[in-house]
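See below for the structure under consideration.
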Amino acid sequence: MMPHRDPLSGGRWVFRCDHCDHCYRTVAQSRPQAELYARMNGWTTAPTMLCPGCATLFAGEIAPLAHVEG
């Protein structure tokens, strides 16, 4: 789900996890600032919105780790 402003929570930006419906709210002034705050708190904002727990579980599927020859 794309981040959006929630008028019921005073216009805060809301991020909702695409996997578990966990949500994060921030009082940032702009969408880029809100996305920065979410990423600083462990959220993955692209290509899918994931909370820190789901981002940890699906880390290999979102960005495969580089294979190290050795």
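Chain identifiers are assigned as A, B, and so on, following the order in which chains appear in the structure tokens; residues are numbered from 1 within each chain, and ligands are numbered from 1 in order of appearance.
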
All alpha helix (DSSP H) residues (DSSP, backbone) inside chain A, as a PyMOL selection string = chain A and resi 31-40+52-57+59-62

Using DSSP on the backbone coordinates, identify the residues of chain A assigned to strand (DSSP E or B); present them as a PDB file with all heavy atoms, in the first residue's frame.
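Below is the file that was written, part-v9.pdb:
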ATOM      1  N   HIS A   4       0.095   7.214   2.739  1.00  0.00           N
ATOM      2  CA  HIS A   4      -0.938   8.234   2.564  1.00  0.00           C
ATOM      3  C   HIS A   4      -1.118   8.995   3.871  1.00  0.00           C
ATOM      4  O   HIS A   4      -0.710   8.533   4.925  1.00  0.00           O
ATOM      5  CB  HIS A   4      -2.260   7.588   2.128  1.00  0.00           C
ATOM      6  CG  HIS A   4      -2.823   6.656   3.160  1.00  0.00           C
ATOM      7  ND1 HIS A   4      -2.376   5.359   3.302  1.00  0.00           N
ATOM      8  CD2 HIS A   4      -3.777   6.834   4.094  1.00  0.00           C
ATOM      9  CE1 HIS A   4      -3.043   4.782   4.282  1.00  0.00           C
ATOM     10  NE2 HIS A   4      -3.894   5.653   4.793  1.00  0.00           N
ATOM     11  N   ARG A   5      -1.737  10.151   3.777  1.00  0.00           N
ATOM     12  CA  ARG A   5      -2.043  10.942   4.972  1.00  0.00           C
ATOM     13  C   ARG A   5      -3.368  10.467   5.548  1.00  0.00           C
ATOM     14  O   ARG A   5      -4.325  10.226   4.829  1.00  0.00           O
ATOM     15  CB  ARG A   5      -2.136  12.423   4.638  1.00  0.00           C
ATOM     16  CG  ARG A   5      -0.784  13.052   4.379  1.00  0.00           C
ATOM     17  CD  ARG A   5      -0.935  14.569   4.378  1.00  0.00           C
ATOM     18  NE  ARG A   5       0.319  15.226   4.155  1.00  0.00           N
ATOM     19  CZ  ARG A   5       1.119  15.649   5.147  1.00  0.00           C
ATOM     20  NH1 ARG A   5       0.775  15.473   6.386  1.00  0.00           N
ATOM     21  NH2 ARG A   5       2.255  16.249   4.864  1.00  0.00           N
ATOM     22  N   ASP A   6      -3.395  10.343   6.871  1.00  0.00           N
ATOM     23  CA  ASP A   6      -4.595   9.886   7.562  1.00  0.00           C
ATOM     24  C   ASP A   6      -5.231  11.065   8.300  1.00  0.00           C
ATOM     25  O   ASP A   6      -4.687  11.542   9.292  1.00  0.00           O
ATOM     26  CB  ASP A   6      -4.240   8.780   8.549  1.00  0.00           C
ATOM     27  CG  ASP A   6      -5.441   8.212   9.262  1.00  0.00           C
ATOM     28  OD1 ASP A   6      -6.585   8.557   8.900  1.00  0.00           O
ATOM     29  OD2 ASP A   6      -5.236   7.416  10.194  1.00  0.00           O
ATOM     30  N   ARG A  12      -1.149  12.582   9.796  1.00  0.00           N
ATOM     31  CA  ARG A  12       0.119  11.850   9.807  1.00  0.00           C
ATOM     32  C   ARG A  12       0.223  10.949   8.581  1.00  0.00           C
ATOM     33  O   ARG A  12      -0.772  10.473   8.053  1.00  0.00           O
ATOM     34  CB  ARG A  12       0.224  10.983  11.057  1.00  0.00           C
ATOM     35  CG  ARG A  12       0.327  11.786  12.308  1.00  0.00           C
ATOM     36  CD  ARG A  12       0.446  10.899  13.500  1.00  0.00           C
ATOM     37  NE  ARG A  12       0.580  11.708  14.702  1.00  0.00           N
ATOM     38  CZ  ARG A  12       0.548  11.228  15.911  1.00  0.00           C
ATOM     39  NH1 ARG A  12       0.389   9.937  16.109  1.00  0.00           N
ATOM     40  NH2 ARG A  12       0.683  12.030  16.933  1.00  0.00           N
ATOM     41  N   TRP A  13       1.461  10.712   8.151  1.00  0.00           N
ATOM     42  CA  TRP A  13       1.707   9.780   7.062  1.00  0.00           C
ATOM     43  C   TRP A  13       1.608   8.366   7.613  1.00  0.00           C
ATOM     44  O   TRP A  13       2.134   8.067   8.685  1.00  0.00           O
ATOM     45  CB  TRP A  13       3.089  10.007   6.463  1.00  0.00           C
ATOM     46  CG  TRP A  13       3.143  11.224   5.611  1.00  0.00           C
ATOM     47  CD1 TRP A  13       3.520  12.469   5.995  1.00  0.00           C
ATOM     48  CD2 TRP A  13       2.797  11.320   4.239  1.00  0.00           C
ATOM     49  NE1 TRP A  13       3.430  13.339   4.939  1.00  0.00           N
ATOM     50  CE2 TRP A  13       2.987  12.660   3.848  1.00  0.00           C
ATOM     51  CE3 TRP A  13       2.338  10.401   3.298  1.00  0.00           C
ATOM     52  CZ2 TRP A  13       2.740  13.099   2.551  1.00  0.00           C
ATOM     53  CZ3 TRP A  13       2.098  10.842   2.016  1.00  0.00           C
ATOM     54  CH2 TRP A  13       2.286  12.173   1.654  1.00  0.00           C
ATOM     55  N   VAL A  14       0.916   7.495   6.882  1.00  0.00           N
ATOM     56  CA  VAL A  14       0.719   6.111   7.324  1.00  0.00           C
ATOM     57  C   VAL A  14       1.338   5.170   6.298  1.00  0.00           C
ATOM     58  O   VAL A  14       1.089   5.301   5.097  1.00  0.00           O
ATOM     59  CB  VAL A  14      -0.788   5.790   7.474  1.00  0.00           C
ATOM     60  CG1 VAL A  14      -0.986   4.341   7.880  1.00  0.00           C
ATOM     61  CG2 VAL A  14      -1.431   6.730   8.474  1.00  0.00           C
ATOM     62  N   PHE A  15       2.131   4.230   6.786  1.00  0.00           N
ATOM     63  CA  PHE A  15       2.706   3.167   5.974  1.00  0.00           C
ATOM     64  C   PHE A  15       2.124   1.863   6.493  1.00  0.00           C
ATOM     65  O   PHE A  15       2.120   1.621   7.697  1.00  0.00           O
ATOM     66  CB  PHE A  15       4.234   3.124   6.124  1.00  0.00           C
ATOM     67  CG  PHE A  15       4.927   4.337   5.598  1.00  0.00           C
ATOM     68  CD1 PHE A  15       5.005   5.498   6.348  1.00  0.00           C
ATOM     69  CD2 PHE A  15       5.501   4.323   4.347  1.00  0.00           C
ATOM     70  CE1 PHE A  15       5.644   6.620   5.869  1.00  0.00           C
ATOM     71  CE2 PHE A  15       6.147   5.446   3.844  1.00  0.00           C
ATOM     72  CZ  PHE A  15       6.216   6.586   4.615  1.00  0.00           C
ATOM     73  N   ARG A  16       1.629   1.013   5.584  1.00  0.00           N
ATOM     74  CA  ARG A  16       1.067  -0.272   5.995  1.00  0.00           C
ATOM     75  C   ARG A  16       1.816  -1.388   5.273  1.00  0.00           C
ATOM     76  O   ARG A  16       1.975  -1.348   4.056  1.00  0.00           O
ATOM     77  CB  ARG A  16      -0.420  -0.347   5.677  1.00  0.00           C
ATOM     78  CG  ARG A  16      -1.084  -1.600   6.216  1.00  0.00           C
ATOM     79  CD  ARG A  16      -2.582  -1.581   6.050  1.00  0.00           C
ATOM     80  NE  ARG A  16      -3.209  -0.437   6.688  1.00  0.00           N
ATOM     81  CZ  ARG A  16      -3.572  -0.385   7.969  1.00  0.00           C
ATOM     82  NH1 ARG A  16      -3.338  -1.395   8.758  1.00  0.00           N
ATOM     83  NH2 ARG A  16      -4.156   0.688   8.445  1.00  0.00           N
ATOM     84  N   CYS A  23       1.375  -1.292  10.759  1.00  0.00           N
ATOM     85  CA  CYS A  23       1.443   0.066  10.223  1.00  0.00           C
ATOM     86  C   CYS A  23       2.382   0.948  11.034  1.00  0.00           C
ATOM     87  O   CYS A  23       2.689   0.671  12.180  1.00  0.00           O
ATOM     88  CB  CYS A  23       0.063   0.699  10.107  1.00  0.00           C
ATOM     89  SG  CYS A  23      -0.757   0.959  11.661  1.00  0.00           S
ATOM     90  N   TYR A  24       2.848   1.990  10.375  1.00  0.00           N
ATOM     91  CA  TYR A  24       3.770   2.965  10.958  1.00  0.00           C
ATOM     92  C   TYR A  24       3.237   4.346  10.608  1.00  0.00           C
ATOM     93  O   TYR A  24       2.873   4.607   9.467  1.00  0.00           O
ATOM     94  CB  TYR A  24       5.177   2.762  10.372  1.00  0.00           C
ATOM     95  CG  TYR A  24       6.160   3.833  10.727  1.00  0.00           C
ATOM     96  CD1 TYR A  24       6.725   3.883  11.995  1.00  0.00           C
ATOM     97  CD2 TYR A  24       6.543   4.792   9.803  1.00  0.00           C
ATOM     98  CE1 TYR A  24       7.636   4.869  12.321  1.00  0.00           C
ATOM     99  CE2 TYR A  24       7.458   5.785  10.131  1.00  0.00           C
ATOM    100  CZ  TYR A  24       7.999   5.811  11.391  1.00  0.00           C
ATOM    101  OH  TYR A  24       8.890   6.793  11.715  1.00  0.00           O
ATOM    102  N   ARG A  25       3.191   5.232  11.601  1.00  0.00           N
ATOM    103  CA  ARG A  25       2.719   6.603  11.377  1.00  0.00           C
ATOM    104  C   ARG A  25       3.823   7.581  11.738  1.00  0.00           C
ATOM    105  O   ARG A  25       4.538   7.380  12.714  1.00  0.00           O
ATOM    106  CB  ARG A  25       1.487   6.881  12.230  1.00  0.00           C
ATOM    107  CG  ARG A  25       0.260   6.153  11.761  1.00  0.00           C
ATOM    108  CD  ARG A  25      -0.935   6.449  12.662  1.00  0.00           C
ATOM    109  NE  ARG A  25      -2.134   5.838  12.161  1.00  0.00           N
ATOM    110  CZ  ARG A  25      -2.496   4.585  12.403  1.00  0.00           C
ATOM    111  NH1 ARG A  25      -1.726   3.818  13.141  1.00  0.00           N
ATOM    112  NH2 ARG A  25      -3.615   4.107  11.908  1.00  0.00           N
ATOM    113  N   THR A  26       3.932   8.629  10.958  1.00  0.00           N
ATOM    114  CA  THR A  26       4.925   9.669  11.234  1.00  0.00           C
ATOM    115  C   THR A  26       4.326  11.040  10.945  1.00  0.00           C
ATOM    116  O   THR A  26       3.428  11.161  10.122  1.00  0.00           O
ATOM    117  CB  THR A  26       6.208   9.450  10.397  1.00  0.00           C
ATOM    118  OG1 THR A  26       7.145  10.465  10.717  1.00  0.00           O
ATOM    119  CG2 THR A  26       5.933   9.468   8.914  1.00  0.00           C
ATOM    120  N   THR A  44      10.931  -1.203   4.611  1.00  0.00           N
ATOM    121  CA  THR A  44      11.318  -1.249   3.206  1.00  0.00           C
ATOM    122  C   THR A  44      10.195  -0.573   2.432  1.00  0.00           C
ATOM    123  O   THR A  44       9.035  -0.961   2.557  1.00  0.00           O
ATOM    124  CB  THR A  44      11.478  -2.702   2.726  1.00  0.00           C
ATOM    125  OG1 THR A  44      12.450  -3.335   3.547  1.00  0.00           O
ATOM    126  CG2 THR A  44      11.907  -2.765   1.287  1.00  0.00           C
ATOM    127  N   LEU A  50       7.222  -3.092   3.374  1.00  0.00           N
ATOM    128  CA  LEU A  50       7.361  -4.151   4.365  1.00  0.00           C
ATOM    129  C   LEU A  50       7.820  -3.571   5.699  1.00  0.00           C
ATOM    130  O   LEU A  50       8.712  -2.727   5.744  1.00  0.00           O
ATOM    131  CB  LEU A  50       8.374  -5.200   3.906  1.00  0.00           C
ATOM    132  CG  LEU A  50       8.017  -6.009   2.668  1.00  0.00           C
ATOM    133  CD1 LEU A  50       9.182  -6.899   2.269  1.00  0.00           C
ATOM    134  CD2 LEU A  50       6.770  -6.838   2.905  1.00  0.00           C
TER     135      LEU A  50
END

Write out as a VMD selection string which residues come within 12 Å of range 53-59 of chain A when counting only C-alpha atoms, dropping same-chain ones fewer than 2 positions away.
chain A and resid 16 to 23 39 41 to 51 61 to 65
